[in-house]
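Engineer: As input, take work-v5.tsv (TSV, C-alpha atoms and all ligand atoms):
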```tsv
chain	number	residue	atom	x	y	z
A	225	MET	CA	-20.72	7.68	-26.99
A	226	MET	CA	-18.30	5.36	-25.22
A	227	LYS	CA	-15.50	7.89	-25.67
A	228	THR	CA	-17.31	10.69	-23.91
A	229	SER	CA	-18.63	8.70	-20.94
A	230	GLY	CA	-15.33	8.77	-19.04
A	231	ALA	CA	-14.44	8.49	-15.39
A	232	ALA	CA	-15.95	11.89	-14.60
A	233	SER	CA	-19.41	10.95	-15.81
A	234	GLY	CA	-21.01	10.10	-12.49
A	235	MET	CA	-21.84	6.66	-11.25
A	236	GLN	CA	-23.38	5.18	-14.43
A	237	VAL	CA	-22.57	1.62	-15.26
A	238	ALA	CA	-20.98	1.31	-18.69
A	239	PRO	CA	-22.33	-1.36	-21.01
A	240	HIS	CA	-20.16	-4.40	-21.46
A	241	GLY	CA	-20.40	-7.60	-23.36
A	242	GLY	CA	-18.87	-11.04	-23.45
A	243	SER	CA	-17.84	-13.03	-20.42
A	244	VAL	CA	-16.82	-11.23	-17.28
A	245	HIS	CA	-14.70	-12.53	-14.47
A	246	LYS	CA	-16.44	-14.00	-11.45
A	247	TRP	CA	-15.56	-11.00	-9.26
A	248	HIS	CA	-17.35	-8.68	-11.61
A	249	GLU	CA	-20.25	-11.05	-11.95
A	250	ARG	CA	-20.72	-11.06	-8.21
A	251	LEU	CA	-20.69	-7.26	-7.84
A	252	THR	CA	-23.84	-5.87	-6.28
A	253	PRO	CA	-24.58	-2.37	-4.95
A	254	MET	CA	-23.77	-3.80	-1.48
A	255	SER	CA	-20.31	-5.08	-2.49
A	256	LYS	CA	-17.49	-3.84	-0.34
A	257	PRO	CA	-14.34	-3.25	-2.39
A	258	ILE	CA	-12.20	-4.17	0.60
A	259	ASP	CA	-13.65	-7.69	0.46
A	260	LEU	CA	-12.70	-7.91	-3.20
A	261	PHE	CA	-9.25	-6.60	-2.34
A	262	LYS	CA	-8.72	-9.22	0.35
A	263	GLU	CA	-9.87	-12.01	-1.94
A	264	ILE	CA	-7.46	-10.94	-4.68
A	265	TRP	CA	-4.62	-10.27	-2.20
A	266	HIS	CA	-4.93	-13.70	-0.61
A	267	GLN	CA	-5.05	-15.38	-4.00
A	268	ALA	CA	-2.04	-13.36	-5.16
A	269	LYS	CA	-0.07	-14.40	-2.06
A	270	ARG	CA	-1.11	-18.05	-2.35
A	271	GLU	CA	-0.16	-18.29	-6.00
A	272	GLY	CA	2.78	-15.87	-6.06
A	273	THR	CA	6.40	-16.86	-6.47
A	274	LEU	CA	8.02	-13.54	-5.52
A	275	LYS	CA	9.77	-13.40	-2.14
A	276	HIS	CA	8.30	-10.01	-1.20
A	277	ARG	CA	4.67	-10.66	-2.07
A	278	ASN	CA	3.29	-7.87	0.09
A	279	ALA	CA	5.17	-5.07	-1.65
A	280	VAL	CA	2.86	-2.26	-2.81
A	281	CYS	CA	3.68	1.20	-4.12
A	282	VAL	CA	2.70	4.00	-1.74
A	283	SER	CA	2.58	7.49	-3.24
A	284	THR	CA	2.56	10.61	-1.12
A	285	VAL	CA	2.80	14.29	-2.08
A	286	ASP	CA	6.09	15.98	-1.27
A	287	ALA	CA	6.71	19.53	-0.08
A	288	ASP	CA	7.04	20.75	-3.69
A	289	GLY	CA	3.78	19.11	-4.75
A	290	TYR	CA	5.45	16.23	-6.59
A	291	PRO	CA	4.14	12.68	-6.29
A	292	ASN	CA	6.65	10.71	-4.19
A	293	ALA	CA	6.35	6.94	-4.66
A	294	ARG	CA	8.11	3.96	-3.12
A	295	PHE	CA	7.39	0.35	-2.23
A	296	VAL	CA	6.47	-0.76	1.28
A	297	ASP	CA	5.13	-3.98	2.76
A	298	LEU	CA	1.39	-4.01	3.14
A	299	LYS	CA	0.71	-5.30	6.67
A	300	GLU	CA	-3.09	-5.37	6.82
A	301	ALA	CA	-6.12	-4.71	4.68
A	302	GLU	CA	-9.30	-4.34	6.69
A	303	ASP	CA	-12.54	-2.36	6.53
A	304	THR	CA	-10.76	0.41	8.40
A	305	GLY	CA	-8.00	0.69	5.84
A	306	PHE	CA	-4.60	-0.40	4.54
A	307	VAL	CA	-1.71	-0.50	7.00
A	308	PHE	CA	2.01	-0.05	6.37
A	309	CYS	CA	4.87	0.57	8.78
A	310	THR	CA	7.87	2.84	8.57
A	311	HIS	CA	10.27	5.24	10.27
A	312	LEU	CA	8.41	8.31	11.42
A	313	GLY	CA	11.33	10.48	10.33
A	314	SER	CA	11.24	9.17	6.75
A	315	GLY	CA	10.31	11.12	3.66
A	316	LYS	CA	6.89	9.48	3.45
A	317	ALA	CA	6.14	10.25	7.11
A	318	HIS	CA	7.04	13.92	6.60
A	319	ASP	CA	4.92	14.02	3.44
A	320	ILE	CA	1.93	12.51	5.27
A	321	ALA	CA	2.32	14.93	8.18
A	322	ARG	CA	2.03	17.82	5.69
A	323	ASN	CA	-0.61	16.21	3.50
A	324	PRO	CA	-2.39	13.00	4.51
A	325	LYS	CA	-3.62	12.32	0.95
A	326	ALA	CA	-1.89	9.22	-0.40
A	327	ALA	CA	-2.30	6.40	-2.91
A	328	ILE	CA	-1.46	2.72	-3.05
A	329	THR	CA	-0.87	1.02	-6.39
A	330	LEU	CA	-0.11	-2.57	-7.16
A	331	TRP	CA	0.20	-4.90	-10.10
A	332	TRP	CA	0.04	-8.63	-9.51
A	333	GLU	CA	0.84	-10.14	-12.88
A	334	HIS	CA	0.11	-13.74	-11.92
A	335	VAL	CA	-3.50	-12.88	-11.09
A	336	ALA	CA	-3.66	-10.21	-13.81
A	337	ARG	CA	-4.80	-7.46	-11.47
A	338	GLN	CA	-3.91	-3.80	-11.09
A	339	ILE	CA	-5.44	-2.12	-8.02
A	340	ARG	CA	-5.40	1.64	-7.35
A	341	ILE	CA	-6.39	3.08	-3.99
A	342	LYS	CA	-6.65	6.69	-2.82
A	343	GLY	CA	-7.40	7.95	0.64
A	344	LEU	CA	-6.25	9.73	3.75
A	345	CYS	CA	-3.51	8.42	6.05
A	346	GLU	CA	-3.65	8.47	9.82
A	347	PRO	CA	-0.96	7.30	12.26
A	348	LEU	CA	-1.29	3.89	13.93
A	349	LEU	CA	-1.95	3.81	17.67
A	350	PRO	CA	1.16	3.02	19.75
A	351	GLN	CA	-0.21	-0.41	20.69
A	352	GLU	CA	-0.80	-1.22	17.00
A	353	ALA	CA	2.76	-0.17	16.20
A	354	ASP	CA	4.02	-2.35	19.08
A	355	ALA	CA	2.27	-5.40	17.63
A	356	HIS	CA	3.78	-4.83	14.19
A	357	TRP	CA	7.21	-4.19	15.73
A	358	ALA	CA	7.02	-7.50	17.59
A	359	SER	CA	6.29	-9.33	14.33
A	360	ARG	CA	9.43	-7.97	12.63
A	361	LEU	CA	12.58	-10.04	12.15
A	362	ARG	CA	15.34	-9.20	14.58
A	363	ASP	CA	17.74	-8.01	11.88
A	364	ALA	CA	15.07	-5.61	10.60
A	365	GLN	CA	14.57	-4.31	14.15
A	366	ILE	CA	18.33	-3.77	14.54
A	367	ALA	CA	18.57	-1.99	11.19
A	368	THR	CA	15.66	0.24	12.19
A	369	VAL	CA	17.19	1.34	15.49
A	370	THR	CA	20.65	1.73	13.95
A	371	PHE	CA	19.85	3.91	10.95
A	372	SER	CA	17.82	7.06	10.39
A	373	GLN	CA	15.87	6.16	7.27
A	374	SER	CA	16.31	8.56	4.36
A	375	CYS	CA	18.90	10.74	6.12
A	376	ALA	CA	22.20	11.24	4.27
A	377	LEU	CA	24.84	8.49	4.67
A	378	ASP	CA	28.52	9.45	4.80
A	379	SER	CA	29.77	6.40	2.91
A	380	LEU	CA	28.39	3.08	1.68
A	381	GLU	CA	31.42	1.36	3.22
A	382	SER	CA	30.31	2.41	6.71
A	383	LEU	CA	26.98	0.52	6.44
A	384	GLU	CA	28.16	-3.03	7.21
A	385	GLY	CA	30.50	-2.00	10.04
A	386	THR	CA	27.87	0.16	11.73
A	387	TYR	CA	25.33	-2.66	11.49
A	388	ALA	CA	27.78	-5.32	12.77
A	389	ARG	CA	28.63	-3.17	15.80
A	390	ALA	CA	24.92	-2.72	16.53
A	391	VAL	CA	24.29	-6.50	16.32
A	392	ALA	CA	27.20	-7.14	18.72
A	393	GLY	CA	26.03	-4.35	21.02
A	394	PHE	CA	22.50	-5.77	21.36
A	395	GLY	CA	23.67	-9.33	21.99
A	396	GLU	CA	20.58	-11.31	22.99
A	397	ALA	CA	18.74	-8.33	24.47
A	398	ASP	CA	15.19	-7.49	23.44
A	399	ILE	CA	14.94	-4.51	21.16
A	400	PRO	CA	12.08	-2.22	22.16
A	401	ARG	CA	10.19	-0.29	19.50
A	402	PRO	CA	11.75	3.15	19.13
A	403	ASP	CA	9.36	6.11	19.40
A	404	ASP	CA	10.22	7.11	15.84
A	405	TRP	CA	8.99	3.86	14.27
A	406	GLY	CA	5.31	3.25	13.66
A	407	GLY	CA	2.96	3.18	10.77
A	408	PHE	CA	-0.04	4.54	8.96
A	409	ARG	CA	-3.50	3.40	8.01
A	410	LEU	CA	-4.73	4.65	4.65
A	411	ARG	CA	-8.52	4.98	4.88
A	412	PRO	CA	-9.70	4.40	1.31
A	413	GLU	CA	-12.00	6.81	-0.50
A	414	TYR	CA	-11.47	5.30	-3.96
A	415	ILE	CA	-10.53	1.77	-5.01
A	416	GLU	CA	-10.24	0.69	-8.63
A	417	PHE	CA	-9.71	-2.85	-9.84
A	418	LEU	CA	-8.42	-3.60	-13.31
A	419	GLU	CA	-8.46	-7.14	-14.61
A	420	PHE	CA	-5.88	-7.12	-17.36
A	421	LYS	CA	-6.89	-8.61	-20.71
A	422	GLU	CA	-4.36	-9.28	-23.45
A	423	ASN	CA	-6.88	-7.98	-26.02
A	424	ARG	CA	-6.86	-4.69	-24.02
A	425	LEU	CA	-10.55	-4.99	-23.12
A	426	HIS	CA	-9.58	-4.67	-19.47
A	427	ARG	CA	-12.37	-5.00	-16.92
A	428	ARG	CA	-12.23	-1.89	-14.73
A	429	THR	CA	-14.40	-1.38	-11.68
A	430	ALA	CA	-14.19	1.86	-9.72
A	431	HIS	CA	-15.55	2.16	-6.18
A	432	ALA	CA	-15.90	5.62	-4.65
A	433	MET	CA	-16.92	6.44	-1.10
A	434	VAL	CA	-19.69	9.04	-1.19
A	435	ASP	CA	-21.42	10.14	2.02
A	436	GLY	CA	-20.23	7.05	3.86
A	437	GLN	CA	-21.41	4.60	1.15
A	438	TRP	CA	-19.45	2.80	-1.54
A	439	HIS	CA	-20.69	3.48	-5.08
A	440	GLN	CA	-19.44	1.50	-8.03
A	441	ARG	CA	-19.25	1.87	-11.77
A	442	PHE	CA	-17.45	0.22	-14.64
A	443	LEU	CA	-14.86	2.20	-16.60
A	444	GLN	CA	-13.86	1.95	-20.24
A	445	PRO	CA	-10.50	0.21	-20.70
B	501	LIG	C1	10.09	-4.75	-1.53
B	501	LIG	C2	10.33	-3.53	-0.65
B	501	LIG	C3	9.66	-3.44	0.55
B	501	LIG	C4	9.87	-2.33	1.38
B	501	LIG	N1	9.15	-2.23	2.55
B	501	LIG	C5	9.27	-1.12	3.30
B	501	LIG	C6	8.44	-0.94	4.44
B	501	LIG	O1	7.58	-1.77	4.79
B	501	LIG	N2	8.60	0.20	5.17
B	501	LIG	C7	9.52	1.15	4.83
B	501	LIG	O2	9.63	2.15	5.53
B	501	LIG	N3	10.30	1.02	3.74
B	501	LIG	C8	10.19	-0.09	2.96
B	501	LIG	N4	10.98	-0.23	1.84
B	501	LIG	C9	11.94	0.84	1.51
B	501	LIG	C10	11.19	1.99	0.81
B	501	LIG	O3	10.93	1.66	-0.54
B	501	LIG	C11	11.92	3.34	0.87
B	501	LIG	O4	13.21	3.22	0.33
B	501	LIG	C12	12.04	3.87	2.30
B	501	LIG	O5	10.84	3.65	3.02
B	501	LIG	C13	12.35	5.35	2.31
B	501	LIG	O6	11.39	6.07	1.59
B	501	LIG	P1	10.92	7.56	1.94
B	501	LIG	O7	12.15	8.36	2.29
B	501	LIG	O8	10.25	8.03	0.71
B	501	LIG	O9	10.01	7.51	3.12
B	501	LIG	C14	10.79	-1.31	1.00
B	501	LIG	C15	11.43	-1.42	-0.25
B	501	LIG	C16	11.20	-2.51	-1.05
B	501	LIG	C17	11.91	-2.57	-2.39
```
Please go through the file and, once you have read it, give me the structure as structure tokens.
Structural biologist:
Amino acid sequence: MMKTSGAASGMQVAPHGGSVHKWHERLTPMSKPIDLFKEIWHQAKREGTLKHRNAVCVSTVDADGYPNARFVDLKEAEDTGFVFCTHLGSGKAHDIARNPKAAITLWWEHVARQIRIKGLCEPLLPQEADAHWASRLRDAQIATVTFSQSCALDSLESLEGTYARAVAGFGEADIPRPDDWGGFRLRPEYIEFLEFKENRLHRRTAHAMVDGQWHQRFLQP
């Protein structure tokens, strides 16, 4: 019976036994998965030792229908969605312009969590992009205005020289946000949490947005 009641079996709650983690214990029909996400994210950042603790994998769909995945920094996670920033001429931006369906995946080993998110991407407003631009380090700003992300590069040797000339050229001047840099907000329609268990009895909780309401169910490991 367990084998046949898979992810496509509606919103039933699968039976489970033994102890469950506190997040699962606190789940109610009113639980908002974004609140769970934020709790786990903040814990993962607090307890993490990696330098780039906000890196998450964003998958888009390319022109040939292939999944196209890469890491980006997650800037915000709010009720309205998950925000990341990028060049608007990049591969991911072109993919999203053709097909706004995208996914975010992450694995934070130190808190034993995998999280999978699916939804639709929409561009950030210019004032939102300005705020994120202002929070970037100056060398990242200079790299952004100097290079056209994902376009072909003549030679690796030219990278350092081009960048050094740009740094010298800007001097102390402010670097305004270029029109072709901004970001996207992925509005989630599906969020799944997996609490990894060494005995493979992973705790999986799937939340799906149906008619404007979150519905949840447990999934077999
Ligand atoms: C840890 C890490 C963080 C990254 N953060 C970003 C980011 O926030 N925005 C971005 O455009 N690229 C980021 N990148 C680079 C992307 O992985 C990717 O190479 C780039 O965005 C071009 O991808 P695309 O052509 O598929 O759009 C990051 C890479 C790594 C490894």
Engineer: Expressed in Å to a single decimal, how great is the separation between CA of Glu300 in chain A and CA of Ala355 in chain A?
Structural biologist: 12.1 Å
Engineer: CA of Arg362 in chain A and CA of Arg401 in chain A are how many Å apart?
Structural biologist: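 According to the coordinates, CA of Arg362 in chain A and CA of Arg401 in chain A are separated by 11.4 Å.
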Engineer: If you measure from CA of Pro400 in chain A to atom N1 of ligand LIG 501 (chain B), what distance in Å do you get, rounded to one decimal?
Structural biologist: 19.8 Å
Engineer: Write as number ranges by chain the residues around ligand LIG 501 (chain B), taking 8 Å as the cut-off and counting all atoms listed in the file.
Structural biologist: A: 276, 278-280, 292-299, 308-311, 313-318, 373-374
Engineer: Need to verify the contact set: Ile415 in chain A, 12 Å, all atoms listed in the file, exclusion of same-chain residues closer than 2 positions in sequence. Can you return it as a ChimeraX atom specification?
Structural biologist: /A:256-261,305-306,327-330,338-343,410-413,417-418,428-433,438-442
Engineer: Identify which of the residues A:Arg424, A:Ala376, A:Ile366, A:Tyr414 lies closest to Gly436 in chain A, counting all atoms listed in the file when measuring atom-to-atom distances.
Structural biologist: A:Tyr414
Engineer: Using only C-alpha atoms, which residues sit within 12 Å of Glu422 in chain A once same-chain residues fewer than 4 positions away are excluded, as a PyMOL selection string?
Structural biologist: chain A and resi 333+336+426-427+445
Engineer: As lines of an AutoDock Vina configuration file, please: the centre and edge lengths in Å, to one decimal, of an axis-aligned box enclosing every listed atom of range 416-425 of chain A with 4 Å added on each side.
Structural biologist:
```
center_x = -7.5
center_y = -4.3
center_z = -17.3
size_x = 14.2
size_y = 18.0
size_z = 25.4
```
Engineer: Calculated over all atoms listed in the file, which of the candidates A:Thr273, A:Ser283, A:Gln351, A:Ser372 has the smallest distance to Leu312 in chain A?
Structural biologist: A:Ser372
Engineer: Show me the residues around (-3.8, -14.3, -4.3) - criterion: an atom at most 12 Å away, only C-alpha atoms counted - as a count of residues only.
Structural biologist: 24
